[in-house]
>>> print(open('query.txt').read())   # compact mmCIF, C-alpha atoms
# COMPACT_ATOMS: atom_id res chain seq x y z
CA CYS A 1 0.00 0.00 0.00
CA LEU A 2 1.34 3.41 -1.03
CA TYR A 3 -0.46 5.22 1.78
CA CYS A 4 -2.59 4.38 4.78
CA GLN A 5 -4.79 6.60 6.94
CA ASN A 6 -5.85 3.86 9.33
CA SER A 7 -2.65 1.86 9.77
CA PRO A 8 -2.98 1.59 13.58
CA TRP A 9 -6.06 -0.57 13.04
CA SER A 10 -5.54 -2.08 9.61
CA TRP A 11 -2.09 -3.60 10.12
CA ARG A 12 -0.81 -2.70 13.60
CA GLY A 13 -3.59 -4.53 15.41
CA ALA A 14 -4.75 -1.60 17.58
CA GLY A 15 -8.40 -2.64 17.39
CA VAL A 16 -10.33 -4.43 20.12
CA ASP A 17 -12.40 -7.54 19.46
CA LYS A 18 -16.09 -7.29 20.38
CA THR A 19 -18.87 -9.86 20.55
CA VAL A 20 -22.17 -9.30 18.75
CA PRO A 21 -23.94 -8.38 22.03
CA GLU A 22 -21.12 -5.92 22.82
CA LEU A 23 -21.48 -4.40 19.35
CA ALA A 24 -25.24 -4.14 19.82
CA ALA A 25 -24.65 -2.35 23.13
CA ILE A 26 -22.27 0.12 21.47
CA LEU A 27 -24.71 0.81 18.64
CA ARG A 28 -27.59 1.19 21.15
CA GLU A 29 -25.60 3.68 23.20
CA LEU A 30 -24.68 5.69 20.11
CA ALA A 31 -28.34 5.85 19.06
CA VAL A 32 -30.06 6.33 22.40
CA LYS A 33 -27.61 7.97 24.80
CA ASP A 34 -25.31 9.86 22.44
CA GLY A 35 -27.98 10.91 19.93
CA CYS A 36 -25.95 10.02 16.85
CA ALA A 37 -27.57 10.59 13.45
CA ASN A 38 -26.21 7.40 11.84
CA TRP A 39 -24.03 4.36 12.27
CA ASN A 40 -20.94 4.84 10.11
CA LEU A 41 -19.37 1.50 9.18
CA VAL A 42 -15.77 2.05 8.09
CA SER A 43 -14.42 -0.76 5.87
CA PRO A 44 -17.16 -3.06 7.18
CA THR A 45 -17.07 -5.93 4.70
CA PRO A 46 -15.39 -8.60 6.89
CA TYR A 47 -17.76 -7.79 9.76
CA LEU A 48 -21.08 -7.52 7.94
CA PRO A 49 -22.64 -10.75 9.30
CA PHE A 50 -21.97 -9.56 12.86
CA VAL A 51 -23.23 -6.04 12.18
CA ARG A 52 -26.38 -7.50 10.62
CA GLU A 53 -26.98 -9.65 13.69
CA ALA A 54 -26.45 -6.73 16.09
CA ALA A 55 -28.72 -4.49 14.00
CA ALA A 56 -31.47 -7.14 13.95
CA THR A 57 -31.37 -7.30 17.75
CA LEU A 58 -31.69 -3.53 17.96
CA ARG A 59 -34.51 -3.33 15.42
CA LYS A 60 -36.52 -5.76 17.57
CA GLU A 61 -36.08 -3.22 20.41
CA GLY A 62 -37.19 -0.37 18.15
CA VAL A 63 -33.69 1.11 17.92
CA ALA A 64 -32.56 1.97 14.40
CA LEU A 65 -30.42 4.56 12.66
CA PRO A 66 -29.39 4.91 9.02
CA PHE A 67 -26.23 3.03 8.11
CA VAL A 68 -23.33 4.65 6.26
CA TRP A 69 -21.21 2.10 4.35
CA ASN A 70 -17.86 3.89 4.33
CA SER A 71 -15.50 2.05 2.02
CA SER A 72 -12.58 2.16 -0.38
CA GLY A 73 -15.08 1.19 -3.04
CA TYR A 74 -13.34 -2.15 -3.60
CA GLU A 75 -16.61 -4.00 -3.07
CA ARG A 76 -18.48 -6.75 -4.87
CA VAL A 77 -21.96 -5.76 -6.01
CA GLU A 78 -23.16 -9.17 -4.78
CA THR A 79 -22.02 -8.23 -1.26
CA LEU A 80 -23.71 -4.84 -1.48
CA GLU A 81 -26.93 -6.57 -2.57
CA GLU A 82 -26.73 -9.18 0.18
CA TYR A 83 -26.27 -6.55 2.89
CA ARG A 84 -28.25 -3.69 1.37
CA GLU A 85 -30.12 -3.09 4.66
CA LEU A 86 -26.76 -1.91 6.05
CA CYS A 87 -26.32 0.70 3.30
CA ASP A 88 -28.62 3.68 3.52
CA TRP A 89 -25.73 5.98 2.60
CA ALA A 90 -22.77 4.83 0.51
CA LEU A 91 -19.54 6.74 1.07
CA PHE A 92 -17.26 5.12 -1.51
CA ASP A 93 -13.84 6.03 -2.85
CA LEU A 94 -12.67 6.23 -6.41
CA ARG A 95 -8.93 5.88 -5.85
CA TYR A 96 -7.55 4.73 -9.19
CA ALA A 97 -8.53 4.93 -12.83
CA SER A 98 -6.00 2.31 -13.97
CA ASP A 99 -5.58 -1.23 -12.76
CA ALA A 100 -1.80 -0.90 -12.98
CA SER A 101 -1.90 1.89 -10.38
CA ALA A 102 -4.31 -0.07 -8.19
CA VAL A 103 -2.06 -3.11 -8.20
CA ARG A 104 1.15 -1.11 -7.69
CA ALA A 105 -0.18 1.13 -4.91
CA SER A 106 -2.72 -1.11 -3.13
CA ALA A 107 -2.28 -4.66 -4.43
CA ALA A 108 -5.90 -4.41 -5.60
CA PRO A 109 -6.38 -6.17 -8.95
CA GLY A 110 -9.67 -5.28 -10.62
CA TYR A 111 -10.11 -2.23 -8.39
CA VAL A 112 -11.31 0.10 -11.14
CA ALA A 113 -14.13 -2.15 -12.34
CA ALA A 114 -15.14 -3.09 -8.78
CA ALA A 115 -15.19 0.47 -7.44
CA ARG A 116 -17.02 1.83 -10.47
CA ALA A 117 -19.62 -0.95 -10.24
CA ALA A 118 -20.03 -0.21 -6.51
CA VAL A 119 -20.56 3.50 -7.22
CA LYS A 120 -23.16 2.68 -9.89
CA TRP A 121 -24.91 0.33 -7.45
CA ALA A 122 -24.90 3.05 -4.79
CA ALA A 123 -26.36 5.60 -7.20
CA ALA A 124 -29.27 3.24 -7.86
CA ASN A 125 -29.80 1.83 -4.35
CA ALA A 126 -28.59 4.26 -1.68
CA LYS A 127 -27.68 7.87 -1.07
CA PRO A 128 -24.19 8.04 -2.56
CA ILE A 129 -21.28 10.31 -1.76
CA VAL A 130 -18.09 9.69 -3.72
CA ARG A 131 -14.61 10.55 -2.50
CA VAL A 132 -12.22 11.07 -5.39
CA LEU A 133 -8.72 10.63 -4.04
CA VAL A 134 -5.86 12.62 -5.50
CA LEU A 135 -3.05 10.24 -4.63
CA PRO A 136 0.67 11.05 -4.87
CA GLY A 137 1.62 11.15 -8.54
CA LEU A 138 -1.87 10.16 -9.70
CA ALA A 139 -3.72 13.48 -10.11
CA ASP A 140 -4.52 12.56 -13.73
CA GLU A 141 -6.41 9.50 -12.49
CA ALA A 142 -8.51 11.64 -10.14
CA ILE A 143 -9.48 13.81 -13.10
CA GLU A 144 -10.28 10.68 -15.13
CA ASN A 145 -12.51 9.40 -12.31
CA LEU A 146 -14.37 12.71 -12.11
CA ALA A 147 -14.99 12.59 -15.87
CA TRP A 148 -16.17 8.96 -15.63
CA LEU A 149 -18.51 9.79 -12.75
CA ALA A 150 -20.12 12.69 -14.62
CA ALA A 151 -20.42 10.78 -17.90
CA GLU A 152 -21.40 7.31 -16.65
CA VAL A 153 -23.27 7.87 -13.39
CA SER A 154 -24.35 11.44 -12.67
CA ASN A 155 -23.02 14.90 -12.15
CA GLU A 156 -25.53 15.31 -9.31
CA ILE A 157 -23.78 12.96 -6.84
CA PRO A 158 -22.03 14.79 -4.01
CA VAL A 159 -18.26 14.51 -4.48
CA SER A 160 -15.39 15.13 -2.10
CA VAL A 161 -12.04 15.60 -3.81
CA MET A 162 -9.39 14.63 -1.27
CA ALA A 163 -5.67 15.31 -1.55
CA GLN A 164 -4.43 14.84 2.00
CA TYR A 165 -2.77 11.49 1.33
CA THR A 166 0.98 11.27 1.58
CA PRO A 167 3.19 8.19 1.39
CA ALA A 168 3.29 6.72 4.87
CA TYR A 169 3.61 2.99 4.36
CA LYS A 170 5.28 1.39 7.40
>>> encode(input="query.txt", output="structure tokens")
Amino acid sequence: CLYCQNSPWSWRGAGVDKTVPELAAILRELAVKDGCANWNLVSPTPYLPFVREAAATLRKEGVALPFVWNSSGYERVETLEEYRELCDWALFDLRYASDASAVRASAAPGYVAAARAAVKWAAANAKPIVRVLVLPGLADEAIENLAWLAAEVSNEIPVSVMAQYTPAYK
């Protein structure tokens, strides 16, 4: 990976394991006590079955908030379909416009097709917001992604162009 904003959790192991009842308690507290407006799931894909189970418990209690699926965009449409009840808002990235860059910088073969399909799915099934990342040395790909988004999806989708990434790998 060329860059990483969440390295303490993604590869340094700083996270804390939680059970489904513990997750349900956290979500309940956020909704009821803290008055949060949504549950923002950051890179949730490996945890979706557990989030679904916790959310089902809360819905039976009458506790529910909109879910934000906050992701790199490297998602399978089949997964989005399977867990669509956990995606009221889709906050997806468009990081690369070429597979060579995706492989070189993130070891993510097929990223472009996957992320673009995820964005199209979000435009049809959720409230989408797209982050277009201007990565080191790849500004031309950000421009290409903006052009693709306007031409192939919509120029009405909220977009956040982000350039705060700097090489920080290990």
>>> closest_residue(input="query.txt", among="A:Ala100, A:Val134, A:Val77, A:Ala105", to="Lys120 in chain A", atoms="all atoms listed in the file")
A:Val77
>>> atom_distance(input="query.txt", atom1="CA of Ala142 in chain A", atom2="CA of Ser101 in chain A")
11.8 Å
>>> residues_around(input="query.txt", residues="range 19-35 of chain A", least_positions_apart="3", cutoff="10 Å", atoms="all atoms listed in the file", output="MDAnalysis selection string")
chainID A and resid 38:39 49:58 61 63:65
>>> atom_distance(input="query.txt", atom1="CA of Gln164 in chain A", atom2="CA of Leu94 in chain A")
14.6 Å
>>> closest_residue(input="query.txt", among="A:Val153, A:Ala115, A:Ala108, A:Ala90", to="Gly73 in chain A", atoms="all atoms listed in the file")
A:Ala115
>>> residues_near_point(input="query.txt", point="(-15.8, 3.9, -5.5)", cutoff="9 Å", atoms="all atoms listed in the file", output="PyMOL selection string")
chain A and resi 71-75+91-95+111-112+114-120+130-132
>>> atom_distance(input="query.txt", atom1="CA of Pro46 in chain A", atom2="CA of Trp69 in chain A")
12.4 Å
>>> decode(input="query.txt", residues="range 18-167 of chain A", atoms="C-alpha atoms", output="PDB file, in the first residue's frame")
ATOM      1  CA  LYS A  18     -16.086  -7.290  20.380  1.00  0.00           C
ATOM      2  CA  THR A  19     -18.867  -9.859  20.553  1.00  0.00           C
ATOM      3  CA  VAL A  20     -22.169  -9.303  18.748  1.00  0.00           C
ATOM      4  CA  PRO A  21     -23.941  -8.380  22.030  1.00  0.00           C
ATOM      5  CA  GLU A  22     -21.122  -5.919  22.818  1.00  0.00           C
ATOM      6  CA  LEU A  23     -21.475  -4.403  19.347  1.00  0.00           C
ATOM      7  CA  ALA A  24     -25.240  -4.138  19.818  1.00  0.00           C
ATOM      8  CA  ALA A  25     -24.651  -2.350  23.128  1.00  0.00           C
ATOM      9  CA  ILE A  26     -22.271   0.117  21.474  1.00  0.00           C
ATOM     10  CA  LEU A  27     -24.713   0.815  18.645  1.00  0.00           C
ATOM     11  CA  ARG A  28     -27.585   1.188  21.146  1.00  0.00           C
ATOM     12  CA  GLU A  29     -25.599   3.682  23.205  1.00  0.00           C
ATOM     13  CA  LEU A  30     -24.683   5.690  20.111  1.00  0.00           C
ATOM     14  CA  ALA A  31     -28.341   5.851  19.059  1.00  0.00           C
ATOM     15  CA  VAL A  32     -30.055   6.332  22.395  1.00  0.00           C
ATOM     16  CA  LYS A  33     -27.611   7.974  24.798  1.00  0.00           C
ATOM     17  CA  ASP A  34     -25.311   9.856  22.440  1.00  0.00           C
ATOM     18  CA  GLY A  35     -27.978  10.913  19.932  1.00  0.00           C
ATOM     19  CA  CYS A  36     -25.953  10.020  16.846  1.00  0.00           C
ATOM     20  CA  ALA A  37     -27.566  10.590  13.449  1.00  0.00           C
ATOM     21  CA  ASN A  38     -26.214   7.405  11.838  1.00  0.00           C
ATOM     22  CA  TRP A  39     -24.033   4.358  12.274  1.00  0.00           C
ATOM     23  CA  ASN A  40     -20.940   4.836  10.106  1.00  0.00           C
ATOM     24  CA  LEU A  41     -19.373   1.495   9.185  1.00  0.00           C
ATOM     25  CA  VAL A  42     -15.767   2.050   8.092  1.00  0.00           C
ATOM     26  CA  SER A  43     -14.417  -0.765   5.875  1.00  0.00           C
ATOM     27  CA  PRO A  44     -17.156  -3.057   7.182  1.00  0.00           C
ATOM     28  CA  THR A  45     -17.065  -5.927   4.700  1.00  0.00           C
ATOM     29  CA  PRO A  46     -15.391  -8.602   6.885  1.00  0.00           C
ATOM     30  CA  TYR A  47     -17.759  -7.785   9.759  1.00  0.00           C
ATOM     31  CA  LEU A  48     -21.082  -7.525   7.942  1.00  0.00           C
ATOM     32  CA  PRO A  49     -22.645 -10.751   9.303  1.00  0.00           C
ATOM     33  CA  PHE A  50     -21.969  -9.562  12.859  1.00  0.00           C
ATOM     34  CA  VAL A  51     -23.230  -6.038  12.184  1.00  0.00           C
ATOM     35  CA  ARG A  52     -26.382  -7.498  10.620  1.00  0.00           C
ATOM     36  CA  GLU A  53     -26.975  -9.653  13.689  1.00  0.00           C
ATOM     37  CA  ALA A  54     -26.446  -6.730  16.088  1.00  0.00           C
ATOM     38  CA  ALA A  55     -28.724  -4.490  14.000  1.00  0.00           C
ATOM     39  CA  ALA A  56     -31.467  -7.143  13.950  1.00  0.00           C
ATOM     40  CA  THR A  57     -31.373  -7.298  17.751  1.00  0.00           C
ATOM     41  CA  LEU A  58     -31.689  -3.525  17.962  1.00  0.00           C
ATOM     42  CA  ARG A  59     -34.509  -3.329  15.417  1.00  0.00           C
ATOM     43  CA  LYS A  60     -36.519  -5.755  17.575  1.00  0.00           C
ATOM     44  CA  GLU A  61     -36.075  -3.221  20.407  1.00  0.00           C
ATOM     45  CA  GLY A  62     -37.187  -0.369  18.152  1.00  0.00           C
ATOM     46  CA  VAL A  63     -33.687   1.107  17.921  1.00  0.00           C
ATOM     47  CA  ALA A  64     -32.559   1.974  14.403  1.00  0.00           C
ATOM     48  CA  LEU A  65     -30.418   4.556  12.657  1.00  0.00           C
ATOM     49  CA  PRO A  66     -29.394   4.909   9.023  1.00  0.00           C
ATOM     50  CA  PHE A  67     -26.226   3.030   8.114  1.00  0.00           C
ATOM     51  CA  VAL A  68     -23.330   4.651   6.258  1.00  0.00           C
ATOM     52  CA  TRP A  69     -21.215   2.098   4.355  1.00  0.00           C
ATOM     53  CA  ASN A  70     -17.862   3.887   4.329  1.00  0.00           C
ATOM     54  CA  SER A  71     -15.498   2.054   2.015  1.00  0.00           C
ATOM     55  CA  SER A  72     -12.584   2.161  -0.376  1.00  0.00           C
ATOM     56  CA  GLY A  73     -15.084   1.193  -3.044  1.00  0.00           C
ATOM     57  CA  TYR A  74     -13.341  -2.152  -3.601  1.00  0.00           C
ATOM     58  CA  GLU A  75     -16.610  -4.003  -3.075  1.00  0.00           C
ATOM     59  CA  ARG A  76     -18.482  -6.745  -4.868  1.00  0.00           C
ATOM     60  CA  VAL A  77     -21.955  -5.759  -6.009  1.00  0.00           C
ATOM     61  CA  GLU A  78     -23.156  -9.169  -4.781  1.00  0.00           C
ATOM     62  CA  THR A  79     -22.018  -8.234  -1.262  1.00  0.00           C
ATOM     63  CA  LEU A  80     -23.713  -4.845  -1.476  1.00  0.00           C
ATOM     64  CA  GLU A  81     -26.931  -6.568  -2.571  1.00  0.00           C
ATOM     65  CA  GLU A  82     -26.734  -9.176   0.176  1.00  0.00           C
ATOM     66  CA  TYR A  83     -26.267  -6.552   2.892  1.00  0.00           C
ATOM     67  CA  ARG A  84     -28.249  -3.691   1.374  1.00  0.00           C
ATOM     68  CA  GLU A  85     -30.121  -3.093   4.656  1.00  0.00           C
ATOM     69  CA  LEU A  86     -26.761  -1.911   6.051  1.00  0.00           C
ATOM     70  CA  CYS A  87     -26.317   0.703   3.300  1.00  0.00           C
ATOM     71  CA  ASP A  88     -28.623   3.683   3.524  1.00  0.00           C
ATOM     72  CA  TRP A  89     -25.729   5.980   2.600  1.00  0.00           C
ATOM     73  CA  ALA A  90     -22.771   4.826   0.509  1.00  0.00           C
ATOM     74  CA  LEU A  91     -19.539   6.737   1.066  1.00  0.00           C
ATOM     75  CA  PHE A  92     -17.260   5.120  -1.505  1.00  0.00           C
ATOM     76  CA  ASP A  93     -13.844   6.034  -2.852  1.00  0.00           C
ATOM     77  CA  LEU A  94     -12.669   6.233  -6.409  1.00  0.00           C
ATOM     78  CA  ARG A  95      -8.926   5.881  -5.850  1.00  0.00           C
ATOM     79  CA  TYR A  96      -7.552   4.734  -9.187  1.00  0.00           C
ATOM     80  CA  ALA A  97      -8.525   4.927 -12.831  1.00  0.00           C
ATOM     81  CA  SER A  98      -6.005   2.311 -13.969  1.00  0.00           C
ATOM     82  CA  ASP A  99      -5.583  -1.233 -12.763  1.00  0.00           C
ATOM     83  CA  ALA A 100      -1.801  -0.900 -12.975  1.00  0.00           C
ATOM     84  CA  SER A 101      -1.903   1.890 -10.383  1.00  0.00           C
ATOM     85  CA  ALA A 102      -4.313  -0.068  -8.186  1.00  0.00           C
ATOM     86  CA  VAL A 103      -2.058  -3.110  -8.205  1.00  0.00           C
ATOM     87  CA  ARG A 104       1.146  -1.111  -7.685  1.00  0.00           C
ATOM     88  CA  ALA A 105      -0.183   1.129  -4.910  1.00  0.00           C
ATOM     89  CA  SER A 106      -2.717  -1.106  -3.128  1.00  0.00           C
ATOM     90  CA  ALA A 107      -2.276  -4.661  -4.429  1.00  0.00           C
ATOM     91  CA  ALA A 108      -5.899  -4.409  -5.595  1.00  0.00           C
ATOM     92  CA  PRO A 109      -6.385  -6.170  -8.947  1.00  0.00           C
ATOM     93  CA  GLY A 110      -9.665  -5.284 -10.621  1.00  0.00           C
ATOM     94  CA  TYR A 111     -10.114  -2.226  -8.388  1.00  0.00           C
ATOM     95  CA  VAL A 112     -11.311   0.102 -11.143  1.00  0.00           C
ATOM     96  CA  ALA A 113     -14.132  -2.153 -12.345  1.00  0.00           C
ATOM     97  CA  ALA A 114     -15.140  -3.088  -8.780  1.00  0.00           C
ATOM     98  CA  ALA A 115     -15.187   0.473  -7.440  1.00  0.00           C
ATOM     99  CA  ARG A 116     -17.020   1.831 -10.468  1.00  0.00           C
ATOM    100  CA  ALA A 117     -19.622  -0.950 -10.237  1.00  0.00           C
ATOM    101  CA  ALA A 118     -20.034  -0.211  -6.508  1.00  0.00           C
ATOM    102  CA  VAL A 119     -20.562   3.499  -7.222  1.00  0.00           C
ATOM    103  CA  LYS A 120     -23.159   2.677  -9.888  1.00  0.00           C
ATOM    104  CA  TRP A 121     -24.905   0.333  -7.450  1.00  0.00           C
ATOM    105  CA  ALA A 122     -24.898   3.049  -4.789  1.00  0.00           C
ATOM    106  CA  ALA A 123     -26.360   5.596  -7.196  1.00  0.00           C
ATOM    107  CA  ALA A 124     -29.271   3.237  -7.856  1.00  0.00           C
ATOM    108  CA  ASN A 125     -29.803   1.834  -4.347  1.00  0.00           C
ATOM    109  CA  ALA A 126     -28.593   4.255  -1.677  1.00  0.00           C
ATOM    110  CA  LYS A 127     -27.684   7.869  -1.066  1.00  0.00           C
ATOM    111  CA  PRO A 128     -24.186   8.041  -2.558  1.00  0.00           C
ATOM    112  CA  ILE A 129     -21.276  10.314  -1.762  1.00  0.00           C
ATOM    113  CA  VAL A 130     -18.086   9.692  -3.717  1.00  0.00           C
ATOM    114  CA  ARG A 131     -14.612  10.551  -2.500  1.00  0.00           C
ATOM    115  CA  VAL A 132     -12.219  11.068  -5.392  1.00  0.00           C
ATOM    116  CA  LEU A 133      -8.719  10.629  -4.036  1.00  0.00           C
ATOM    117  CA  VAL A 134      -5.860  12.621  -5.496  1.00  0.00           C
ATOM    118  CA  LEU A 135      -3.046  10.240  -4.634  1.00  0.00           C
ATOM    119  CA  PRO A 136       0.668  11.045  -4.865  1.00  0.00           C
ATOM    120  CA  GLY A 137       1.622  11.152  -8.543  1.00  0.00           C
ATOM    121  CA  LEU A 138      -1.873  10.158  -9.698  1.00  0.00           C
ATOM    122  CA  ALA A 139      -3.721  13.483 -10.109  1.00  0.00           C
ATOM    123  CA  ASP A 140      -4.516  12.562 -13.728  1.00  0.00           C
ATOM    124  CA  GLU A 141      -6.412   9.495 -12.495  1.00  0.00           C
ATOM    125  CA  ALA A 142      -8.506  11.636 -10.142  1.00  0.00           C
ATOM    126  CA  ILE A 143      -9.478  13.806 -13.102  1.00  0.00           C
ATOM    127  CA  GLU A 144     -10.284  10.682 -15.126  1.00  0.00           C
ATOM    128  CA  ASN A 145     -12.514   9.399 -12.306  1.00  0.00           C
ATOM    129  CA  LEU A 146     -14.375  12.710 -12.112  1.00  0.00           C
ATOM    130  CA  ALA A 147     -14.986  12.591 -15.873  1.00  0.00           C
ATOM    131  CA  TRP A 148     -16.167   8.962 -15.629  1.00  0.00           C
ATOM    132  CA  LEU A 149     -18.506   9.791 -12.746  1.00  0.00           C
ATOM    133  CA  ALA A 150     -20.125  12.687 -14.625  1.00  0.00           C
ATOM    134  CA  ALA A 151     -20.415  10.779 -17.902  1.00  0.00           C
ATOM    135  CA  GLU A 152     -21.396   7.307 -16.654  1.00  0.00           C
ATOM    136  CA  VAL A 153     -23.266   7.868 -13.389  1.00  0.00           C
ATOM    137  CA  SER A 154     -24.353  11.435 -12.666  1.00  0.00           C
ATOM    138  CA  ASN A 155     -23.016  14.902 -12.149  1.00  0.00           C
ATOM    139  CA  GLU A 156     -25.525  15.307  -9.310  1.00  0.00           C
ATOM    140  CA  ILE A 157     -23.784  12.963  -6.844  1.00  0.00           C
ATOM    141  CA  PRO A 158     -22.025  14.787  -4.008  1.00  0.00           C
ATOM    142  CA  VAL A 159     -18.257  14.508  -4.484  1.00  0.00           C
ATOM    143  CA  SER A 160     -15.391  15.133  -2.104  1.00  0.00           C
ATOM    144  CA  VAL A 161     -12.038  15.596  -3.806  1.00  0.00           C
ATOM    145  CA  MET A 162      -9.390  14.635  -1.273  1.00  0.00           C
ATOM    146  CA  ALA A 163      -5.668  15.310  -1.549  1.00  0.00           C
ATOM    147  CA  GLN A 164      -4.429  14.838   2.005  1.00  0.00           C
ATOM    148  CA  TYR A 165      -2.765  11.490   1.332  1.00  0.00           C
ATOM    149  CA  THR A 166       0.980  11.266   1.584  1.00  0.00           C
ATOM    150  CA  PRO A 167       3.192   8.185   1.392  1.00  0.00           C
TER     151      PRO A 167
END
